Each structure stands twice: as structure tokens, then as C-alpha cells.
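Undergrad: Provided below: model09.csv, containing CSV, C-alpha atoms.
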```csv
chain,number,residue,atom,x,y,z
A,3,MET,CA,-16.7,111.3,130.9
A,4,PRO,CA,-17.0,107.7,129.7
A,5,SER,CA,-17.6,107.5,126.0
A,6,ASP,CA,-19.4,105.3,123.5
A,7,ALA,CA,-17.5,102.0,123.1
A,8,SER,CA,-18.6,101.2,119.5
A,9,PRO,CA,-15.6,102.8,117.6
A,10,PHE,CA,-13.3,100.4,119.6
A,11,LEU,CA,-15.1,97.2,118.6
A,12,ARG,CA,-13.5,97.3,115.1
A,13,HIS,CA,-10.1,96.6,116.7
A,14,LEU,CA,-11.4,93.4,118.3
A,15,THR,CA,-13.0,92.4,115.0
A,16,ASP,CA,-9.7,93.1,113.2
A,17,CYS,CA,-7.8,90.9,115.7
A,18,ASN,CA,-10.2,88.0,115.5
A,19,THR,CA,-10.3,87.2,111.8
A,20,ALA,CA,-9.2,83.5,112.1
A,21,SER,CA,-11.7,80.8,111.3
A,22,PRO,CA,-11.4,77.0,111.4
A,23,GLU,CA,-13.0,76.9,107.9
A,24,GLY,CA,-10.6,77.8,105.1
A,25,LYS,CA,-7.3,76.7,103.6
A,26,ARG,CA,-5.6,75.4,106.8
A,27,SER,CA,-5.7,71.9,108.1
A,28,PRO,CA,-6.0,70.8,111.8
A,29,LEU,CA,-2.8,69.9,113.5
A,30,SER,CA,-2.4,67.7,116.6
A,31,LEU,CA,0.5,67.1,118.9
A,32,GLY,CA,0.7,63.6,120.3
A,33,GLY,CA,-2.9,63.2,119.2
A,34,VAL,CA,-4.2,66.3,121.0
A,35,PRO,CA,-5.6,69.1,118.8
A,36,SER,CA,-3.1,72.0,119.0
A,37,GLY,CA,-3.0,74.1,115.9
A,38,TRP,CA,-3.8,74.7,112.2
A,39,LEU,CA,-1.2,74.0,109.6
A,40,ALA,CA,-0.5,76.5,106.8
A,41,PRO,CA,-1.1,75.2,103.2
A,42,GLU,CA,2.5,75.8,102.2
A,43,LEU,CA,3.5,73.0,104.6
A,44,PHE,CA,1.0,70.4,103.4
A,45,THR,CA,3.2,68.7,100.9
A,46,ARG,CA,6.2,68.8,103.2
A,47,MET,CA,4.4,67.4,106.1
A,48,GLU,CA,2.7,64.7,104.0
A,49,ALA,CA,6.1,63.6,102.7
A,50,ALA,CA,7.3,63.3,106.2
A,51,GLY,CA,4.4,61.0,107.1
A,52,PHE,CA,2.6,63.4,109.5
A,53,GLY,CA,-0.8,63.1,107.9
A,54,THR,CA,-2.8,64.5,105.0
A,55,ARG,CA,-4.4,67.8,104.2
A,56,ASP,CA,-7.8,66.2,104.0
A,57,LYS,CA,-7.7,64.2,107.3
A,58,GLY,CA,-5.4,66.5,109.2
A,59,PHE,CA,-1.8,66.2,110.6
A,60,ASN,CA,-0.3,64.9,113.8
A,61,VAL,CA,3.2,65.2,115.2
A,62,PRO,CA,3.4,62.1,117.5
A,63,HIS,CA,6.5,63.3,119.4
A,64,PRO,CA,6.1,67.0,120.2
A,65,ALA,CA,9.6,67.0,121.8
A,66,LYS,CA,11.0,66.8,118.3
A,67,LEU,CA,9.3,70.1,117.2
A,68,GLU,CA,12.5,72.1,117.7
A,69,ALA,CA,14.4,70.0,115.3
A,70,LEU,CA,11.5,70.0,112.8
A,71,GLY,CA,11.4,73.8,113.0
A,72,GLU,CA,15.1,74.1,112.4
A,73,THR,CA,14.9,71.9,109.3
A,74,LEU,CA,11.9,73.9,107.9
A,75,ALA,CA,13.9,77.1,108.3
A,76,GLU,CA,16.9,75.6,106.5
A,77,GLU,CA,14.6,74.5,103.7
A,78,GLY,CA,13.3,78.1,103.4
A,79,PHE,CA,9.7,77.8,104.7
A,80,TYR,CA,10.2,80.6,107.1
A,81,LYS,CA,13.0,82.9,108.4
A,82,SER,CA,14.3,81.9,111.8
A,83,HIS,CA,14.1,84.3,114.7
A,84,HIS,CA,16.7,82.3,116.5
A,85,GLU,CA,14.5,82.4,119.6
A,86,LEU,CA,12.7,79.4,121.0
A,87,PHE,CA,9.1,79.6,122.4
A,88,ASP,CA,7.4,77.0,124.5
A,89,VAL,CA,4.6,75.1,122.8
A,90,CYS,CA,1.4,74.1,124.5
A,91,THR,CA,-1.7,72.4,123.1
A,92,ASP,CA,-3.9,75.2,124.4
A,93,MET,CA,-4.0,77.9,127.0
A,94,ASP,CA,-3.2,76.8,130.6
A,95,GLN,CA,-2.1,73.4,129.3
A,96,PRO,CA,1.4,71.9,130.0
A,97,ILE,CA,4.4,72.6,127.8
A,98,VAL,CA,4.9,69.7,125.4
A,99,GLY,CA,7.8,71.1,123.3
A,100,ARG,CA,9.4,74.2,121.9
A,101,ILE,CA,10.0,75.7,118.4
A,102,ASP,CA,11.5,78.8,116.8
A,103,ARG,CA,9.2,81.8,117.2
A,104,GLY,CA,9.0,82.3,113.5
A,105,ALA,CA,7.4,78.9,113.0
A,106,LEU,CA,4.6,79.4,115.4
A,107,PRO,CA,2.2,81.1,112.9
A,108,LEU,CA,2.9,78.4,110.3
A,109,PHE,CA,1.6,75.8,112.7
A,110,GLY,CA,-1.1,78.0,114.2
A,111,PHE,CA,0.2,77.2,117.7
A,112,VAL,CA,-0.7,79.3,120.7
A,113,ALA,CA,1.9,81.9,121.5
A,114,THR,CA,2.4,84.1,124.6
A,115,GLY,CA,3.5,87.7,125.0
A,116,VAL,CA,3.7,90.5,127.6
A,117,HIS,CA,2.6,94.1,127.3
A,118,MET,CA,3.2,96.8,129.8
A,119,ASN,CA,1.4,100.1,130.2
A,120,GLY,CA,4.1,102.6,131.3
A,121,LEU,CA,2.0,105.1,133.2
A,122,VAL,CA,2.7,108.5,134.9
A,123,ARG,CA,0.4,110.3,137.3
A,124,LYS,CA,0.6,114.1,136.8
A,125,ALA,CA,-1.4,116.9,138.3
A,126,ASP,CA,-3.5,117.2,135.2
A,127,GLY,CA,-4.2,113.5,134.8
A,128,LEU,CA,-2.8,110.1,133.7
A,129,TYR,CA,-0.1,109.9,131.0
A,130,LEU,CA,1.1,106.9,128.9
A,131,TRP,CA,4.6,106.2,127.6
A,132,THR,CA,4.5,105.1,124.0
A,133,GLY,CA,7.3,103.9,121.7
A,134,ARG,CA,7.5,104.1,117.9
A,135,ARG,CA,8.8,100.8,116.3
A,136,ALA,CA,11.9,101.1,114.2
A,137,ALA,CA,11.4,101.4,110.5
A,138,ASN,CA,13.4,98.3,109.9
A,139,LYS,CA,11.3,96.0,112.1
A,140,ARG,CA,10.2,92.8,110.4
A,141,LEU,CA,6.6,93.2,111.6
A,142,ASP,CA,4.6,96.4,111.8
A,143,PRO,CA,7.5,98.9,111.2
A,144,SER,CA,7.0,102.5,112.4
A,145,LYS,CA,3.8,101.7,114.2
A,146,LEU,CA,3.1,103.1,117.7
A,147,ASP,CA,3.8,100.5,120.5
A,148,HIS,CA,3.8,100.1,124.2
A,149,LEU,CA,6.8,101.2,126.3
A,150,VAL,CA,7.5,97.5,126.8
A,151,ALA,CA,6.1,94.6,124.8
A,152,GLY,CA,7.5,91.3,123.6
A,153,GLY,CA,7.1,87.5,123.2
A,154,MET,CA,7.7,85.1,126.1
A,155,PRO,CA,10.8,83.0,125.3
A,156,ALA,CA,11.0,79.3,126.2
A,157,GLY,CA,11.6,78.7,129.9
A,158,HIS,CA,10.3,82.1,131.0
A,159,THR,CA,7.3,83.1,133.1
A,160,PRO,CA,5.4,86.1,132.0
A,161,ARG,CA,7.0,88.3,134.7
A,162,GLU,CA,10.5,87.1,133.8
A,163,ALA,CA,9.8,87.9,130.2
A,164,LEU,CA,8.5,91.4,131.2
A,165,VAL,CA,11.6,92.2,133.2
A,166,LYS,CA,13.8,91.0,130.3
A,167,GLU,CA,12.0,93.1,127.8
A,168,ALA,CA,11.9,96.2,130.1
A,169,ALA,CA,15.7,96.2,130.3
A,170,GLU,CA,16.2,95.5,126.6
A,171,GLU,CA,13.5,97.9,125.1
A,172,ALA,CA,13.5,100.8,127.6
A,173,SER,CA,16.5,100.4,129.9
A,174,ILE,CA,14.1,100.0,132.9
A,175,PRO,CA,16.1,98.6,135.9
A,176,ALA,CA,14.8,95.2,137.1
A,177,ALA,CA,14.0,96.5,140.6
A,178,LEU,CA,11.6,99.1,139.0
A,179,ALA,CA,10.1,96.6,136.4
A,180,GLU,CA,9.4,94.2,139.2
A,181,GLN,CA,6.9,96.7,140.6
A,182,ALA,CA,4.6,96.2,137.6
A,183,VAL,CA,1.2,94.7,138.5
A,184,GLN,CA,-0.5,92.2,136.2
A,185,ALA,CA,-3.8,93.7,135.2
A,186,GLY,CA,-5.3,91.1,132.8
A,187,ARG,CA,-4.8,88.3,130.2
A,188,LEU,CA,-6.2,88.8,126.7
A,189,VAL,CA,-6.6,86.4,123.8
A,190,TYR,CA,-7.2,86.7,120.1
A,191,ALA,CA,-6.7,84.8,116.8
A,192,LEU,CA,-6.2,86.5,113.5
A,193,ASP,CA,-4.7,85.8,110.0
A,194,ARG,CA,-1.5,87.8,109.4
A,195,PRO,CA,1.1,87.9,106.6
A,196,GLU,CA,3.3,85.7,108.8
A,197,GLY,CA,0.5,83.2,109.3
A,198,LEU,CA,-2.1,82.4,112.0
A,199,ARG,CA,-1.6,84.3,115.2
A,200,ARG,CA,-3.3,82.7,118.2
A,201,ASP,CA,-2.0,84.8,121.0
A,202,ILE,CA,-2.2,85.2,124.8
A,203,LEU,CA,-1.2,88.6,126.1
A,204,TYR,CA,-0.3,89.1,129.8
A,205,CYS,CA,-1.0,92.8,130.5
A,206,TYR,CA,0.8,94.8,133.2
A,207,ASP,CA,0.6,98.3,134.6
A,208,LEU,CA,3.7,100.1,135.9
A,209,TYR,CA,3.5,103.6,137.4
A,210,LEU,CA,6.7,105.4,136.7
A,211,PRO,CA,8.1,108.6,138.4
A,212,GLU,CA,7.8,111.8,136.4
A,213,SER,CA,11.6,112.0,136.3
A,214,PHE,CA,11.8,108.7,134.4
A,215,GLU,CA,13.1,108.8,130.8
A,216,PRO,CA,13.2,105.6,128.8
A,217,THR,CA,16.2,104.8,126.7
A,218,ALA,CA,16.1,102.3,123.8
A,219,ALA,CA,18.7,99.6,124.3
A,220,ASP,CA,18.2,97.1,121.6
A,221,GLY,CA,17.5,99.2,118.5
A,222,GLU,CA,13.9,98.0,118.1
A,223,VAL,CA,12.4,101.4,119.1
A,224,GLU,CA,12.9,104.5,117.1
A,225,SER,CA,11.7,107.0,119.8
A,226,PHE,CA,9.5,107.4,122.9
A,227,ALA,CA,6.8,109.9,123.7
A,228,LEU,CA,4.7,110.6,126.8
A,229,LEU,CA,1.1,111.2,125.9
A,230,PRO,CA,-1.9,112.1,127.9
A,231,LEU,CA,-4.0,109.0,128.3
A,232,SER,CA,-6.9,110.9,126.7
A,233,GLU,CA,-4.7,111.4,123.6
A,234,ALA,CA,-3.9,107.7,123.4
A,235,TYR,CA,-7.7,107.1,123.7
A,236,ARG,CA,-8.3,109.4,120.7
A,237,ILE,CA,-5.6,107.7,118.6
A,238,VAL,CA,-7.1,104.2,119.3
A,239,ARG,CA,-10.6,105.4,118.7
A,240,ASP,CA,-9.9,107.3,115.5
A,241,THR,CA,-6.9,105.7,113.8
A,242,ASP,CA,-4.9,102.5,113.3
A,243,ALA,CA,-1.6,104.2,114.3
A,244,PHE,CA,-0.9,101.6,117.1
A,245,LYS,CA,0.3,98.1,116.4
A,246,PHE,CA,-2.7,95.8,116.0
A,247,ASN,CA,-2.5,94.1,119.4
A,248,VAL,CA,-1.5,97.2,121.3
A,249,ASN,CA,-5.0,98.5,120.6
A,250,LEU,CA,-6.5,95.6,122.6
A,251,VAL,CA,-4.3,96.2,125.6
A,252,LEU,CA,-5.1,99.9,125.6
A,253,ILE,CA,-8.9,99.2,125.3
A,254,ASP,CA,-8.5,97.0,128.4
A,255,LEU,CA,-6.8,100.0,130.1
A,256,PHE,CA,-9.6,102.4,129.0
A,257,LEU,CA,-12.2,100.0,130.5
A,258,ARG,CA,-10.3,99.8,133.8
A,259,THR,CA,-9.8,103.5,134.0
A,260,GLY,CA,-13.4,104.4,133.0
A,261,LEU,CA,-12.6,106.1,129.8
A,262,ILE,CA,-14.9,103.5,128.3
A,263,ASP,CA,-17.8,102.7,130.5
A,264,PRO,CA,-17.4,99.0,131.5
A,265,ARG,CA,-21.0,98.8,132.6
A,266,SER,CA,-22.4,99.8,129.2
A,267,THR,CA,-23.7,97.1,126.8
A,268,GLN,CA,-20.8,97.7,124.4
A,269,GLY,CA,-18.3,98.0,127.3
A,270,MET,CA,-19.3,94.6,128.5
A,271,ALA,CA,-19.0,93.3,124.9
A,272,LEU,CA,-15.5,94.6,124.7
A,273,ARG,CA,-14.6,93.0,128.1
A,274,THR,CA,-15.9,89.6,126.9
A,275,GLY,CA,-14.2,89.9,123.6
A,276,LEU,CA,-10.9,90.8,125.2
A,277,ASP,CA,-11.0,88.0,127.8
A,278,ARG,CA,-12.4,85.2,125.6
A,279,GLY,CA,-11.6,86.3,122.0
A,280,LEU,CA,-14.1,86.5,119.2
A,281,SER,CA,-12.6,83.9,117.0
A,282,PRO,CA,-13.6,80.2,117.4
A,283,VAL,CA,-9.9,79.3,117.4
A,284,SER,CA,-8.8,81.8,120.0
A,285,PRO,CA,-6.7,80.3,122.8
A,286,GLY,CA,-8.9,78.7,125.4
A,287,GLN,CA,-12.0,78.4,123.2
A,288,SER,CA,-11.9,74.6,123.4
A,289,VAL,CA,-11.9,74.8,127.2
A,290,ILE,CA,-14.8,77.3,127.2
A,291,LEU,CA,-16.9,75.2,124.8
A,292,GLN,CA,-16.4,72.1,127.0
A,293,ALA,CA,-17.4,74.0,130.1
A,294,GLU,CA,-20.5,75.3,128.4
```
Show this structure as C-alpha cells.

TA:
Amino acid sequence: MPSDASPFLRHLTDCNTASPEGKRSPLSLGGVPSGWLAPELFTRMEAAGFGTRDKGFNVPHPAKLEALGETLAEEGFYKSHHELFDVCTDMDQPIVGRIDRGALPLFGFVATGVHMNGLVRKADGLYLWTGRRAANKRLDPSKLDHLVAGGMPAGHTPREALVKEAAEEASIPAALAEQAVQAGRLVYALDRPEGLRRDILYCYDLYLPESFEPTAADGEVESFALLPLSEAYRIVRDTDAFKFNVNLVLIDLFLRTGLIDPRSTQGMALRTGLDRGLSPVSPGQSVILQAE
């Protein structure tokens, strides 16, 4: 039976804590508003002639972001991931540059990731494959996670990133991963220890055979478990055991499968919050505000 949606709203609130008011300063790329600069970079960016903390900052040549990011890592402002991500001024806007993944939260740039629900149909209902993040992970160690999830490296489409992550995280052959169906696109913006996360998540469903057994290939997953979807529902409803953004992707799945009534007032509020974000700096908000 569809259940009350209110316990799930806290996860959306927790993932949308970012506000334009506060310690950060607006950042533009080539004169186009694009992010929110972290206070620890104010003095460094002022010295480089990129603006001031009071009036805001602008990087006039976004193509030089990669080199800037490398320099900031060398100077100790963040720890490089040695993985480049494409940079856009906002959701659905052209790529203007690229920068190390670890620098994205410091600049408050939009970042893109992929999450896949690994699903199994059994006689007694729908099951979900989950992974437990390794204890030595830099972010969210030991939290429950999706079977496949990861960021979208520079030059990749969401599907290409999904196929790459599926092979690396769960040893899923490309031919099987290609069968995944895109089910949604979620946005949020929150303050995290690593900085401002303004994320777009492309969500996929992949129905796997009962005989499938995932195998960790890159050491980022400690173990896998196949749970009844009703148990995943209970965990999201009652706990914070899942990594913060996994909760959102699972709430989307619960709405689509009817475990949360999508026609209820709170179900519709969840749907809007997932698709548009609750933070005024969520990806796409500037486009929405212009349209309205």
C-alpha cells in the first residue's frame, strides 16, 4: 500500500541547504553567473585579479580553468582527484571549460553524476542491489550506496559514464549495462564538508537476472547486498544509512513504483523537489525563474 510521504521530505531538505546568502561570493565565467566562490579562495582570487569578495569574481577565460585548478591543488587549497569534469554555467548550457573534480565544490560549479537502480524481479516482489562504500572512501565512508553510481568525467555523456562506472564498480558487462533505461534527472544544492555541491543526477533503472552477482572491481565498494525494495523503503524512511544523494534517487524510485503515492499532496511535493530542487541555487533555477 502507498504510504505517507512526509518522513521522506527531510532527505530533500537535507540535500537543499545551500543559500545565496552567506559567506560565499558570486562567481562568473566569461561574465556569465556560474557559481559561488568559497571564502578560503577570496584572497587568492583577489590577488590574481579575478575580482573582490564584495563585488564578486569573474574568470574571463573559462578555458583556463583547468590550469587554475591544477595550481590551486599544488598550493594546497584542495586535494586533487586527478579526474577532470566538464564545467557549464548552468544546467543544459554549453561546456565552457573543465576542472579537477575536487575543485568543483570550491567554485560552486554545477556537477553531473549518474546513479543506477540495479533491480531484480522475483516471485515475491521487486529487489534492489545495494553496495556498502569502502571504509577508506574520502567521502561518506561505509554508507550504503547504489549498485552503480559516480561522477561524469569530462567528455562523457551520462550513458557513457554509466557504462564506465558499471564495469568499474560492479563488473557489469557493457552489453548488459547498455540495457539500463534513463528514468529521471534530479537536482539539488547543499553545503558539504568539501564545499558547495550543486549536482545533477541522471537516474537509470537496470533489471538484472536473478543469477547476476556483482563483483567489486575498483576497491570502492566493501560489499553488495540484494534487499527487498520494501526494506530499502524502510531504511530510507527511518534512517540515514544511505549516502545522502542515494536517498533522493530511491525516493524517485518509490514514487515511480507506487510505494509513495505520487498523487498525494506530499508525493507531488517530493516530485517537484526532486525535479527542480528546493534551494535557490540548485542547477536550473535561473532558467526556471526566467521562465516564470

Undergrad: Name the residues in contact with region 104-113 of chain A at a cut-off of 8 Å, using only C-alpha atoms, excluding same-chain residues fewer than 3 positions from it; report them as a compact mmCIF listing (two decimals) with C-alpha atoms, in the frame of the given file.

TA:
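This went into result-v1.txt:
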```txt
# COMPACT_ATOMS: atom_id res chain seq x y z
CA LEU A 29 -2.80 69.90 113.50
CA SER A 36 -3.10 72.00 119.00
CA GLY A 37 -3.00 74.10 115.90
CA TRP A 38 -3.80 74.70 112.20
CA LEU A 39 -1.20 74.00 109.60
CA ALA A 40 -0.50 76.50 106.80
CA LEU A 43 3.50 73.00 104.60
CA GLY A 71 11.40 73.80 113.00
CA TYR A 80 10.20 80.60 107.10
CA LYS A 81 13.00 82.90 108.40
CA SER A 82 14.30 81.90 111.80
CA HIS A 83 14.10 84.30 114.70
CA PHE A 87 9.10 79.60 122.40
CA ASP A 88 7.40 77.00 124.50
CA VAL A 89 4.60 75.10 122.80
CA CYS A 90 1.40 74.10 124.50
CA THR A 91 -1.70 72.40 123.10
CA ASP A 92 -3.90 75.20 124.40
CA MET A 93 -4.00 77.90 127.00
CA ILE A 101 10.00 75.70 118.40
CA GLY A 153 7.10 87.50 123.20
CA GLU A 196 3.30 85.70 108.80
CA GLY A 197 0.50 83.20 109.30
CA LEU A 198 -2.10 82.40 112.00
CA ARG A 199 -1.60 84.30 115.20
CA ARG A 200 -3.30 82.70 118.20
CA ASP A 201 -2.00 84.80 121.00
CA ILE A 202 -2.20 85.20 124.80
CA PRO A 285 -6.70 80.30 122.80
```

Undergrad: So that I can check the surroundings of Leu164 (chain A), please list as JSON, numbers by chain every protein, DNA and RNA residue that reaches within 8 Å of it, counting all atoms listed in the file and ignoring chain neighbours fewer than 2 positions away.

TA: {"A": [116, 117, 118, 150, 151, 152, 160, 161, 162, 166, 167, 168, 179]}

Undergrad: Would you mind telling me which residue in A:Lys245, A:His158, A:Arg273, A:Lys124 lies nearest to Leu210 (chain A) when using only C-alpha atoms?

TA: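 Looking only at the distances to Leu210 (chain A), the closest residue turns out to be A:Lys124.
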
Undergrad: Return the single residue from A:Val189, A:Ala169, A:Gly157, A:Pro62 that is closest to Gly286 (chain A), with distances computed using only C-alpha atoms.

TA: A:Val189

Undergrad: Would you mind reading off the distance between CA of Glu85 (chain A) and CA of Thr73 (chain A), one decimal, in Å?

TA: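 If I compute the distance from CA of Glu85 (chain A) to CA of Thr73 (chain A), I get 14.7 Å.
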
Undergrad: Of the candidates A:Leu261, A:Leu250, A:Ala218, A:Met47, which shows the shortest atom-to-atom distance to Gly275 (chain A), using all atoms listed in the file?

TA: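 With all atoms listed in the file as the atom set, the closest residue is A:Leu250.
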
Undergrad: Which residues, written as a compact mmCIF listing (two decimals) with C-alpha atoms, in the frame of the given file, have at least one atom at most 12 Å from Arg46 (chain A), with all atoms listed in the file counted and residues fewer than 3 positions away on the same chain left out?

TA:
```
# COMPACT_ATOMS: atom_id res chain seq x y z
CA LEU A 39 -1.20 74.00 109.60
CA ALA A 40 -0.50 76.50 106.80
CA PRO A 41 -1.10 75.20 103.20
CA GLU A 42 2.50 75.80 102.20
CA LEU A 43 3.50 73.00 104.60
CA ALA A 49 6.10 63.60 102.70
CA ALA A 50 7.30 63.30 106.20
CA GLY A 51 4.40 61.00 107.10
CA PHE A 52 2.60 63.40 109.50
CA GLY A 53 -0.80 63.10 107.90
CA THR A 54 -2.80 64.50 105.00
CA ARG A 55 -4.40 67.80 104.20
CA PHE A 59 -1.80 66.20 110.60
CA LEU A 70 11.50 70.00 112.80
CA THR A 73 14.90 71.90 109.30
CA LEU A 74 11.90 73.90 107.90
CA GLU A 77 14.60 74.50 103.70
CA GLY A 78 13.30 78.10 103.40
CA PHE A 79 9.70 77.80 104.70
```

Undergrad: I'd like the neighbourhood of Met154 (chain A) as a JSON list (two decimals) with C-alpha atoms, keeping the file's coordinate frame, where a residue qualifies if any of its atoms comes within 6 Å (using all atoms listed in the file), though same-chain residues fewer than 5 positions away should be ignored.

TA:
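In the end it all went to around_21.json:
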```json
[["chain", "number", "residue", "atom", "x", "y", "z"],
["A", 114, "THR", "CA", 2.40, 84.10, 124.60],
["A", 115, "GLY", "CA", 3.50, 87.70, 125.00],
["A", 163, "ALA", "CA", 9.80, 87.90, 130.20]]
```

Undergrad: Do you have the CA of Ala172 (chain A)-CA of Glu215 (chain A) distance handy?

TA: 8.6 Å

Undergrad: Do you have the CA of Ala156 (chain A)-CA of Pro28 (chain A) distance handy?

TA: 23.8 Å

Undergrad: For Leu208 (chain A), please output as a PyMOL selection string all residues within 7 Å (counting all atoms listed in the file; exclusion window: fewer than 6 positions along the same chain).

TA: chain A and resi 118-121+181-183

Undergrad: Considering only C-alpha atoms, can you say which of A:Thr15, A:Asn247, A:Ser144, A:Ser30 comes closest to Phe226 (chain A)?

TA: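 Of A:Thr15, A:Asn247, A:Ser144, A:Ser30, the one nearest Phe226 (chain A) is A:Ser144, counting only C-alpha atoms.
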
Undergrad: A:Ser213, A:Thr267, A:Thr132, A:Ser225: which is nearest Leu252 (chain A), counting only C-alpha atoms?

TA: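 That would be A:Thr132, the residue with the smallest distance to Leu252 (chain A).
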
Undergrad: Using only C-alpha atoms, which of A:Ile97, A:Leu229, A:Val34, A:Val283 sits nearest Ala65 (chain A)?

TA: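 Among the listed residues, A:Ile97 lies closest to Ala65 (chain A).
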